[in-house]
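J.: Quick one: the structure is below, and I'll ask about it shortly.
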Amino acid sequence: MSKRKVAIVTDSVSNLTPETIAEHNIYVIPQILNWEGQSLLDQIDITTAQFYERLPQSKDLPKTSQPSPGQFTEHFEKVAEGAESIVAVFVSSALSGTIQSAHLGAQAMGDYPIEIVDSRSASLGLGLLAVAAARYAAAGHDYGQVAEYVRGLVPRLRVMFVVDTLEYLHKGGRIGGAKRLVGSVLSIKPVLHIENGQIEPLASVRTKSKAIAHMIEVVLGEMQGKQDIHAGIIHAGAPNDAAYIKQQILAAVQPQELLVNELTPVLGANVGPGVVGMGYYTE
């Protein structure tokens, strides 16, 4: 059987549905959830439904970690059996040690051609880049061209989201510039975004519905007049909010793709339940 020219690899923070993963033939490396003495592989040892069911009963907040360099090597070796080269697009290096661990894992592959791309993003921001990479690879480009194309999309990528509480981001140490909002005496629902690979505050609003409305207003303002919009909506146990955002987006613009998915356990552990957000880029 002939090998694929380029295989696309990402990690489970990409938040892609099984259908999207299968459609684009993307290989997903699971991140790790460390919880109450167990080390669980994201979406393999624990599903999204199981995670959100268990979270309210848990005394301890789960912690997350990336695969070891040796585990990355094992994944790359498995992919290399059916591919001539690999382009791997991973979660922002400012939010996780994944990129560093992956580089070390790739070194053990010797001369095998691997390009590792720092998405400077997370969730469906990362997922959209992985899908874009898969489409570009399927069009016949080589691994260097695919990596260059994806790196060119990174500055155009936007991710923003509304959280019910900053507790999870704060305790997980991934709060970035948004830490100045922690301990606010006001009952605020912050709109956050990923900027320079880190989580930063975009706006502080008094209610969740107004925060979502503000996010939609910002998103549609940035999308107006743009062609080839690629977007995704994510939520953590907030399907009605996600459906409302989808309705508002589709009433105003016609994206090339609009992915919708619930946050995986590893992401849910870092942002908490009730989150709703968007990732998108325009070509």
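A note on labels: chains of the structure tokens are A, B, ... as shown, every chain counts residues from 1, and ligands are counted from 1 in their shown order.
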Could you pull out all residues of stretch 83-239 of chain A with a DSSP call of helix (DSSP H, G or I) and give them as a PyMOL selection string?
T.: chain A and resi 98-107+123-138+143-156+167-172+176-181+208-223+239
J.: Which residues of stretch 112-229 of chain A come within 8 Å of stretch 20-32 of chain A, and for each one, what is the closest pair of atoms and their distance in Å to one decimal, counting only C-alpha atoms, sorted by chain and residue number, as a Markdown table?
T.:
| residue | atom | partner | partner_atom | distance |
| --- | --- | --- | --- | --- |
| A:Ala130 | CA | A:Ile26 | CA | 7.6 |
| A:Val131 | CA | A:His24 | CA | 6.7 |
| A:Ala134 | CA | A:His24 | CA | 6.0 |
| A:Arg135 | CA | A:His24 | CA | 7.2 |
J.: Might you pull out every residue within 10 Å of A:Val79, with only C-alpha atoms counted and same-chain residues fewer than 5 positions away left off, and present them as a ChimeraX atom specification?
T.: /A:4,6-9,27,73-74,84-86
J.: Print the selection's residues with N, CA, C and O atoms to a file, as an mmCIF file, in the first residue's frame.
T.:
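Output file selection.cif follows:
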data_model
loop_
_atom_site.group_PDB
_atom_site.id
_atom_site.type_symbol
_atom_site.label_atom_id
_atom_site.label_comp_id
_atom_site.auth_asym_id
_atom_site.auth_seq_id
_atom_site.Cartn_x
_atom_site.Cartn_y
_atom_site.Cartn_z
ATOM 1 N N ARG A 4 0.942 7.971 2.251
ATOM 2 C CA ARG A 4 0.512 9.344 2.011
ATOM 3 C C ARG A 4 1.732 10.246 1.921
ATOM 4 O O ARG A 4 2.744 10.011 2.585
ATOM 5 N N VAL A 6 1.873 13.509 2.873
ATOM 6 C CA VAL A 6 1.961 14.284 4.120
ATOM 7 C C VAL A 6 0.834 13.860 5.065
ATOM 8 O O VAL A 6 -0.330 13.855 4.669
ATOM 9 N N ALA A 7 1.191 13.522 6.288
ATOM 10 C CA ALA A 7 0.185 13.249 7.311
ATOM 11 C C ALA A 7 0.076 14.460 8.234
ATOM 12 O O ALA A 7 1.079 15.070 8.581
ATOM 13 N N ILE A 8 -1.152 14.783 8.640
ATOM 14 C CA ILE A 8 -1.386 15.905 9.548
ATOM 15 C C ILE A 8 -1.651 15.351 10.950
ATOM 16 O O ILE A 8 -2.499 14.477 11.147
ATOM 17 N N VAL A 9 -0.911 15.892 11.905
ATOM 18 C CA VAL A 9 -1.030 15.477 13.306
ATOM 19 C C VAL A 9 -1.375 16.704 14.138
ATOM 20 O O VAL A 9 -0.862 17.798 13.894
ATOM 21 N N TYR A 27 -4.518 12.793 12.460
ATOM 22 C CA TYR A 27 -4.108 11.957 13.596
ATOM 23 C C TYR A 27 -4.056 12.836 14.847
ATOM 24 O O TYR A 27 -3.363 13.848 14.863
ATOM 25 N N THR A 73 7.414 10.462 20.299
ATOM 26 C CA THR A 73 8.158 9.638 19.340
ATOM 27 C C THR A 73 7.333 8.421 18.922
ATOM 28 O O THR A 73 7.259 8.087 17.730
ATOM 29 N N GLU A 74 6.690 7.771 19.889
ATOM 30 C CA GLU A 74 5.852 6.605 19.578
ATOM 31 C C GLU A 74 4.713 6.972 18.619
ATOM 32 O O GLU A 74 4.423 6.233 17.670
ATOM 33 N N GLU A 84 4.939 9.637 4.211
ATOM 34 C CA GLU A 84 6.317 9.997 3.856
ATOM 35 C C GLU A 84 6.830 11.163 4.700
ATOM 36 O O GLU A 84 8.046 11.343 4.833
ATOM 37 N N SER A 85 5.927 11.967 5.251
ATOM 38 C CA SER A 85 6.319 13.129 6.060
ATOM 39 C C SER A 85 5.161 13.512 6.969
ATOM 40 O O SER A 85 4.025 13.054 6.787
ATOM 41 N N ILE A 86 5.457 14.372 7.952
ATOM 42 C CA ILE A 86 4.450 14.790 8.939
ATOM 43 C C ILE A 86 4.488 16.309 9.106
ATOM 44 O O ILE A 86 5.564 16.901 9.203
#
J.: From the list A:Leu41, A:Ala252, A:Val89, A:Ala80, which residue is nearest A:Glu217 when using only C-alpha atoms?
T.: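 So, comparing all the options, the nearest one is A:Ala252.
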J.: Go through A:Ser58, A:Ala231, A:Leu33, A:Leu202 and flag the residue nearest A:Ile46, using only C-alpha atoms for the distances.
T.: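 Ranking A:Ser58, A:Ala231, A:Leu33, A:Leu202 by distance to A:Ile46, first place goes to A:Leu33.
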J.: Write down as an MDAnalysis selection string the residues of stretch 124-243 of chain A whose backbone DSSP state falls under strand (DSSP E or B).
T.: chainID A and resid 158:162 189:195 198:205 229:235
J.: Need to verify the contact set: A:Ala213, 12 Å, only C-alpha atoms, exclusion of same-chain residues closer than 2 positions in sequence. Can you return it as a ChimeraX atom specification?
T.: /A:161-162,189,191,203,205-211,215-220,241,244-245,248-249,276-277
J.: With distances taken over only C-alpha atoms, which residue among A:Val91, A:Pro67, A:Gly125, A:Gly279 lies nearest A:Gly105?
T.: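 Under the stated criterion, the closest residue is A:Pro67.
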J.: From the set A:Tyr280, A:Tyr143, A:Phe51, A:Tyr112, which residue has the shortest atom-to-atom contact distance to A:Val159, counting only C-alpha atoms?
T.: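 Of all the options, A:Tyr280 lies closest to A:Val159.
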J.: Write out as a list in words which residues come within 7 Å of A:Val117 when counting only C-alpha atoms, dropping same-chain ones fewer than 6 positions away.
T.: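 Contacts, with the query itself left out: Ala88, Val89, Phe90, Ala147 and Arg151 of chain A.
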J.: Between A:Gln227, A:Ser119, A:Thr98, A:Thr165, which one has atoms that come closest to A:Val150, using only C-alpha atoms?
T.: A:Ser119
J.: Could you tell me which of A:Pro18, A:Gly272, A:Gly37, A:Gly225 comes closest to A:Leu259 if we count only C-alpha atoms?
T.: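 Going through A:Pro18, A:Gly272, A:Gly37, A:Gly225 one by one, the smallest distance to A:Leu259 is for A:Pro18.
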